[in-house]
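In what follows, a structure is listed as structure tokens, so that the remarks can point back to it.
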Amino acid sequence: MRNLLFLQLCLAFFVSVRETCEAEKNHNEPIIEPVVGQFKHSEGPHWDYHAQKLYFVDIEDQKICRFDPVTKDLACIYIENGPVGFVVPIEGEPNKLIAGSGTDFILVTWDGHSNNTKALPETLAIVDRNHKGTRWNDGKVDSSGRFWGGTIGPEVNDVVVPDQASLYRIESDLKPKKALSPVTNSNGLAWNMQDDKFYYIDTPTRQVAAFNYEPTSGIISNKTIAFDLQKHNVSGLPDGMTIDTNGNLWVALYSGGGVVNVNPRTGEVLRFVKLPVTKVTSCIFGGPLLNTLFVTTSSRDLTNVEQAEQPHAGYVFAVQGLGVHGLVANSFKI
């Protein structure tokens with residue numbers, strides 16, 4: 001995977017210089033385009049670099065979707081186990097995915113083309129057996145092929161019950177191990193290119209935490225706060241996030257109307273990408289050069305007036321012209 005990343009970065013170099021020069025010369029605003037939708041609560045984007053396809057989920061409608069940005073083809077599959085929080089391909093296993101549905105960690109076999117009304121997933125593990133009402137939320141895979149993902153506590157009157165959830169680590173033995181507990185709404189995750197920092201969001205804290213990361217063992221330690229939304233007067237709730245090759249984070253702001261780009265080493269806000277919707281859920285870099293930021297959004301609980309004001313709420317957006325590149329997303333090793 002690191003060799004693949006090196007080749008990708010070499011390719012990216014030839015266009016990054018041109019993009020940077022153009023941006024400095026023209027101070028162009030990024031190009032923001034709704035590319036596929038509408039979904040109730042699109043989330044968890046994963047760019048499959050090998051297939052050049054975008055996977056994502058619709059949590060509320062219990063779907064896994066795959067989108068081809070070139071052909072505009074979209075296919076989705078329904079998962080009956082429960083709300084779907086994330087989806088990640090399995091390394092070396094075409095048509096096989098892991099996903100979190102309800103509290104089940106599942107294996108899904110799907111060709112990514114057919115629109116199936118029902119899948120027959122295999123349950124590999126179950127989490128939060130002692131907590132009723134929780135479900136899987138965001139999740140990603142580290143450089144060693146380990147899965148990291150967490151749950152969200154039960155929601156009562158649109159408020160998440162605190163301290164009912166956990167962040168888990170799942171390796172090839174398929175035995176979930178708690179990495180952080182308790183948390184309230186386990187959300188965005190990212191690792192830097194040097195593979196020695198892990199960034200994590202527990203949404204109601206309105207902070208991005210940073211941990212020292214040991215890639216061989218997968219141990220995290222020495223928590224610090226990399227970014228605090230309240231201190232910087234950034235509105236909205238931090239949701240999903242990704243990282244670029246400069247080591248800077250891109251954090252989706254639920255009810256904040258965009259994505260904030262921050263330097264986690266200094267806590268500085270670098271820029272804000274405003275979208276024409278309020279409920280922004282997550283983001284990932286994709287495309288052949290990993291320089292397109294795909295952003296998922298939600299239309300959940302919008303009033304008729306709000307929906308009319310935001311006709312593209314619930315769409316997946318593509319943001320181009322940012323002048324940066326992301327990292328290759330890892331697949332799960334089973």
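Chain lettering (A, B, ...) mirrors the order of the structure tokens, residue numbering begins at 1 for each chain separately, and ligand numbering begins at 1 in order of display.
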10 Å contact set for region 104-118 of chain A, only C-alpha atoms, chain neighbours under 3 positions out, as number ranges by chain: A: 53, 55, 63-67, 73-84, 86-90, 93-101, 121-128, 135-136, 170, 174, 176
Close residues, Arg169 (chain A) itself excluded, 9 Å, only C-alpha atoms, min 5 positions apart in chain, as a list in words: Arg146, Phe147, Trp148, Gly149, Gly150, Lys175, Pro176, Lys177, Lys178, Ala179 and Gly218 of chain A
Region 316-319 of chain A environment, 12 Å, only C-alpha atoms, sequence neighbours closer than 3 positions dropped, as a PyMOL selection string: chain A and resi 29-45+54-58+65-67+69+72+74+258-259+273-277+279-287+290-299+312-313+322-325
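CA of Ala252 (chain A) is found 17.1 Å from CA of Lys231 (chain A).
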Selected residue of minimal separation from Asp301 (chain A) among A:Thr278, A:Asn233, A:Asn261, A:Gln320, counting only C-alpha atoms: A:Thr278
